[in-house]
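J.: Structure provided below as structure tokens; questions to follow.
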Amino acid sequence: MLLSIHGNEDPFFEADSIPFLADTWEATAALTQATEPFIRARLERQGLTLLSLVPWPSQGFYTRTPLTALAELRGTRFRAYNTLTTRFAELLGAQPVTVQVPDIPQAFATNLVNVLFTAAQTGVDTSAWDFSRHFLDVGGMRAKNAIFANSRALAALEPAVRSALIAAAKQAEARGTEMARAAESEATERLRSHGMTVASAPAEMQTQLREIGAKQTQEWLARAGQDGGQMLERYRALVSR
């Protein structure tokens, strides 16, 4: 499952999707390390055992015309897919519109949305070159997919089988993370090969985006309580090493 879609159940499930809290691979690894014990404990309370966490590639803006300043997003119809991206759109001055991935091309074609914020891989999957000409890679966040098992079913396995399954899950986690890193460059090259312009955000824009991320982090902390504060302290200590 994509953890962030269960943020309404518990804010810890959306920690990895807070925009610009962890917008580099090094920060992403630190955030995973900081959040994993809290996520594991929450799943265990529901009779589930976490097996692996694998990040999505970085995020960026898809637009029809070049995006040179965040002010240009004001008043746009911004595709959102969870509470955090909805709030992100609001802080940008855009109008959030919930659209699922299979519906993205039609949403652009009918002008239901005119800005997309998602990974380059999603752009490839939806043939973004049919409705957009520009991809501005900003890092954003690397949301996690989680694989888990029913704890009772896992405990019922033969010990050797259970150990092999857990070991395989850890190998898959490492392999999946490397695949996600590779997908960032591979997918952006696919976008370029179809005539799209791919660029990185100017330093001033990146700073402004991180300021929005800091605001959303504080909003998340207000909902996550004491555990959230402990996690952020651990994360920041890891990042500063």
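Convention: chains lettered A, B, ... in structure tokens order; per-chain residue numbering from 1; ligands numbered from 1 as shown.
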Show which residues sit within 6 Å of segment 94-109 of chain A, as a short mmCIF file (atom, residue, chain, number, x, y, z; two decimals) with N, CA and C atoms, in the first residue's frame. Count only C-alpha atoms, and ignore same-chain residues fewer than 6 positions away.

T.:
data_model
loop_
_atom_site.label_atom_id
_atom_site.label_comp_id
_atom_site.auth_asym_id
_atom_site.auth_seq_id
_atom_site.Cartn_x
_atom_site.Cartn_y
_atom_site.Cartn_z
N LEU A 73 1.63 29.59 -10.26
CA LEU A 73 0.72 28.50 -9.91
C LEU A 73 -0.56 29.01 -9.25
N ARG A 74 -0.60 30.27 -8.88
CA ARG A 74 -1.79 30.82 -8.25
C ARG A 74 -2.97 30.77 -9.21
N GLY A 75 -4.08 30.22 -8.72
CA GLY A 75 -5.28 30.15 -9.53
C GLY A 75 -5.34 28.96 -10.48
N THR A 76 -4.26 28.16 -10.54
CA THR A 76 -4.30 27.00 -11.42
C THR A 76 -5.12 25.88 -10.78
N ARG A 77 -5.52 24.94 -11.60
CA ARG A 77 -6.24 23.75 -11.12
C ARG A 77 -5.21 22.64 -10.96
N PHE A 78 -4.92 22.31 -9.74
CA PHE A 78 -3.75 21.52 -9.33
C PHE A 78 -4.20 20.12 -8.94
N ARG A 79 -3.69 19.12 -9.63
CA ARG A 79 -4.06 17.74 -9.30
C ARG A 79 -3.51 17.33 -7.94
N ALA A 80 -4.40 16.90 -7.04
CA ALA A 80 -4.03 16.43 -5.71
C ALA A 80 -4.46 14.98 -5.56
N TYR A 81 -3.79 14.25 -4.68
CA TYR A 81 -4.14 12.84 -4.50
C TYR A 81 -4.19 12.41 -3.04
N THR A 86 -3.24 18.20 -1.25
CA THR A 86 -4.34 19.17 -1.25
C THR A 86 -3.92 20.43 -0.52
#

J.: Run DSSP on the backbone of this structure and report the residues of segment 40-90 of chain A it assigns to alpha helix (DSSP H), as a list in words.

T.: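 The residues of segment 40-90 of chain A classed as alpha helix (DSSP H) are Arg40, Ala41, Arg42, Leu43, Glu44, Thr83, Leu84, Thr85, Thr86, Arg87, Phe88, Ala89 and Glu90 of chain A.
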
J.: Identify, on the basis of only C-alpha atoms, every residue whose closest approach to Leu67 of chain A does not exceed 9 Å; exclude the query and any residue fewer than 6 positions from it along the same chain; express the result as a PDB file with N, CA and C atoms, in the first residue's frame.

T.:
ATOM      1  N   PHE A  61       6.764  19.242 -11.195  1.00  0.00           N
ATOM      2  CA  PHE A  61       5.587  19.896 -11.762  1.00  0.00           C
ATOM      3  C   PHE A  61       5.521  19.644 -13.271  1.00  0.00           C
ATOM      4  N   LEU A  73       1.635  29.594 -10.260  1.00  0.00           N
ATOM      5  CA  LEU A  73       0.719  28.503  -9.908  1.00  0.00           C
ATOM      6  C   LEU A  73      -0.564  29.005  -9.252  1.00  0.00           C
ATOM      7  N   HIS A 134       6.328  20.463 -20.270  1.00  0.00           N
ATOM      8  CA  HIS A 134       7.423  20.812 -19.371  1.00  0.00           C
ATOM      9  C   HIS A 134       7.330  20.023 -18.060  1.00  0.00           C
ATOM     10  N   PHE A 135       8.490  19.526 -17.598  1.00  0.00           N
ATOM     11  CA  PHE A 135       8.594  18.852 -16.309  1.00  0.00           C
ATOM     12  C   PHE A 135       9.691  19.544 -15.512  1.00  0.00           C
ATOM     13  N   LEU A 136       9.318  20.104 -14.358  1.00  0.00           N
ATOM     14  CA  LEU A 136      10.275  20.782 -13.486  1.00  0.00           C
ATOM     15  C   LEU A 136      10.506  19.909 -12.257  1.00  0.00           C
ATOM     16  N   ALA A 201      14.543  23.112 -10.594  1.00  0.00           N
ATOM     17  CA  ALA A 201      14.028  24.388 -10.094  1.00  0.00           C
ATOM     18  C   ALA A 201      15.168  25.342  -9.775  1.00  0.00           C
TER      19      ALA A 201
END

J.: Quick one: residues within 10 Å of Leu154 of chain A, only C-alpha atoms, excluding same-chain residues fewer than 3 positions away - as a short mmCIF file (atom, residue, chain, number, x, y, z; two decimals) with all heavy atoms, in the first residue's frame?

T.:
data_model
loop_
_atom_site.label_atom_id
_atom_site.label_comp_id
_atom_site.auth_asym_id
_atom_site.auth_seq_id
_atom_site.Cartn_x
_atom_site.Cartn_y
_atom_site.Cartn_z
N LEU A 48 -0.53 -6.63 12.06
CA LEU A 48 0.23 -6.67 10.82
C LEU A 48 1.72 -6.54 11.11
O LEU A 48 2.12 -5.87 12.06
CB LEU A 48 -0.20 -5.54 9.88
CG LEU A 48 -1.68 -5.49 9.51
CD1 LEU A 48 -2.02 -4.19 8.81
CD2 LEU A 48 -2.06 -6.68 8.64
N THR A 49 2.53 -7.18 10.28
CA THR A 49 3.99 -7.09 10.41
C THR A 49 4.56 -6.43 9.17
O THR A 49 4.33 -6.89 8.05
CB THR A 49 4.61 -8.50 10.57
OG1 THR A 49 4.12 -9.08 11.78
CG2 THR A 49 6.14 -8.41 10.64
N PHE A 148 3.42 -5.60 3.83
CA PHE A 148 3.24 -6.14 5.18
C PHE A 148 2.49 -7.47 5.10
O PHE A 148 1.96 -7.82 4.04
CB PHE A 148 2.48 -5.15 6.07
CG PHE A 148 1.18 -4.68 5.48
CD1 PHE A 148 0.01 -5.38 5.66
CD2 PHE A 148 1.14 -3.51 4.72
CE1 PHE A 148 -1.19 -4.95 5.10
CE2 PHE A 148 -0.05 -3.06 4.16
CZ PHE A 148 -1.22 -3.79 4.36
N ALA A 149 2.48 -8.18 6.21
CA ALA A 149 1.83 -9.48 6.27
C ALA A 149 0.96 -9.56 7.52
O ALA A 149 1.21 -8.87 8.51
CB ALA A 149 2.87 -10.60 6.30
N ASN A 150 -0.03 -10.41 7.46
CA ASN A 150 -0.82 -10.74 8.64
C ASN A 150 0.10 -11.41 9.65
O ASN A 150 0.74 -12.42 9.36
CB ASN A 150 -1.97 -11.67 8.24
CG ASN A 150 -2.83 -12.05 9.42
OD1 ASN A 150 -2.43 -12.83 10.27
ND2 ASN A 150 -4.04 -11.52 9.46
N SER A 151 0.18 -10.84 10.84
CA SER A 151 1.16 -11.33 11.83
C SER A 151 0.88 -12.78 12.24
O SER A 151 1.81 -13.58 12.42
CB SER A 151 1.15 -10.43 13.07
OG SER A 151 1.53 -9.12 12.73
N LEU A 157 4.00 -19.85 9.93
CA LEU A 157 4.92 -20.48 8.99
C LEU A 157 6.02 -21.24 9.73
O LEU A 157 6.34 -20.94 10.87
CB LEU A 157 5.58 -19.40 8.10
CG LEU A 157 4.67 -18.60 7.17
CD1 LEU A 157 5.47 -17.50 6.48
CD2 LEU A 157 4.01 -19.50 6.14
N GLU A 158 6.58 -22.23 9.04
CA GLU A 158 7.76 -22.90 9.59
C GLU A 158 8.85 -21.87 9.82
O GLU A 158 9.03 -20.96 9.00
CB GLU A 158 8.25 -23.98 8.63
CG GLU A 158 7.30 -25.16 8.46
CD GLU A 158 7.24 -26.02 9.73
OE1 GLU A 158 8.24 -26.03 10.48
OE2 GLU A 158 6.19 -26.65 9.96
N PRO A 159 9.60 -21.98 10.91
CA PRO A 159 10.62 -20.97 11.22
C PRO A 159 11.58 -20.69 10.07
O PRO A 159 11.90 -19.52 9.80
CB PRO A 159 11.36 -21.57 12.43
CG PRO A 159 10.31 -22.42 13.10
CD PRO A 159 9.49 -22.99 11.98
N VAL A 161 11.02 -21.04 6.87
CA VAL A 161 10.29 -20.34 5.81
C VAL A 161 10.08 -18.88 6.19
O VAL A 161 10.25 -17.97 5.38
CB VAL A 161 8.95 -21.04 5.53
CG1 VAL A 161 8.13 -20.25 4.52
CG2 VAL A 161 9.17 -22.46 5.04
N ARG A 162 9.69 -18.66 7.45
CA ARG A 162 9.46 -17.29 7.93
C ARG A 162 10.75 -16.47 7.83
O ARG A 162 10.74 -15.33 7.37
CB ARG A 162 8.96 -17.32 9.37
CG ARG A 162 8.64 -15.94 9.93
CD ARG A 162 7.87 -16.01 11.24
NE ARG A 162 8.62 -16.72 12.27
CZ ARG A 162 8.30 -17.92 12.73
NH1 ARG A 162 7.26 -18.58 12.24
NH2 ARG A 162 9.03 -18.51 13.67
N SER A 163 11.86 -17.06 8.25
CA SER A 163 13.15 -16.35 8.18
C SER A 163 13.52 -16.04 6.73
O SER A 163 14.03 -14.95 6.43
CB SER A 163 14.25 -17.19 8.84
OG SER A 163 13.99 -17.36 10.22
N LEU A 165 11.45 -15.62 4.23
CA LEU A 165 10.54 -14.59 3.74
C LEU A 165 10.98 -13.20 4.20
O LEU A 165 11.03 -12.25 3.42
CB LEU A 165 9.12 -14.87 4.23
CG LEU A 165 8.05 -13.82 3.90
CD1 LEU A 165 7.91 -13.63 2.40
CD2 LEU A 165 6.72 -14.19 4.53
N ILE A 166 11.34 -13.09 5.48
CA ILE A 166 11.77 -11.80 6.02
C ILE A 166 13.08 -11.36 5.36
O ILE A 166 13.25 -10.17 5.01
CB ILE A 166 11.93 -11.90 7.55
CG1 ILE A 166 10.54 -12.09 8.19
CG2 ILE A 166 12.62 -10.66 8.11
CD1 ILE A 166 10.57 -12.41 9.67
#

J.: If we count only C-alpha atoms and set the cut-off at 7 Å, which residues sit around segment 8-15 of chain A, ignoring sequence neighbours fewer than 5 positions away in its own chain? Please answer as a ChimeraX atom specification.

T.: /A:3,39,223-224

J.: Please save N, CA and C atoms of the selected residues as a compact mmCIF listing (two decimals), in the first residue's frame.

T.:
# COMPACT_ATOMS: atom_id res chain seq x y z
N LEU A 3 1.60 4.32 1.80
CA LEU A 3 1.33 4.65 3.21
C LEU A 3 0.49 5.92 3.36
N ILE A 39 6.04 3.39 12.49
CA ILE A 39 5.12 2.76 11.54
C ILE A 39 4.96 1.28 11.88
N ARG A 223 -0.65 17.49 14.60
CA ARG A 223 -1.54 16.32 14.58
C ARG A 223 -0.86 15.06 15.10
N ALA A 224 0.46 14.97 14.94
CA ALA A 224 1.19 13.74 15.30
C ALA A 224 1.56 13.68 16.77

J.: Mind checking which residues fall within 10 Å of Ser200 of chain A, counting only C-alpha atoms, ignoring those fewer than 6 positions away in the same chain, and posting them as a list in words?

T.: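 Final neighbour list, sorted by chain and number: Gly60, Phe135, Leu136, Asp137, Val138, Gly139 and Gln206 of chain A.
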
J.: If I take atom CA of Ala168 of chain A and atom CA of Ala153 of chain A, how far is one from the other in Å, to one decimal?

T.: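 Atom CA of Ala153 of chain A lies at a distance of 16.9 Å from atom CA of Ala168 of chain A.
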
J.: If you measure from atom CA of Thr85 of chain A to atom CA of Thr63 of chain A, what distance in Å do you get, rounded to one decimal?

T.: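 Between atom CA of Thr85 of chain A and atom CA of Thr63 of chain A the gap works out to 16.5 Å.
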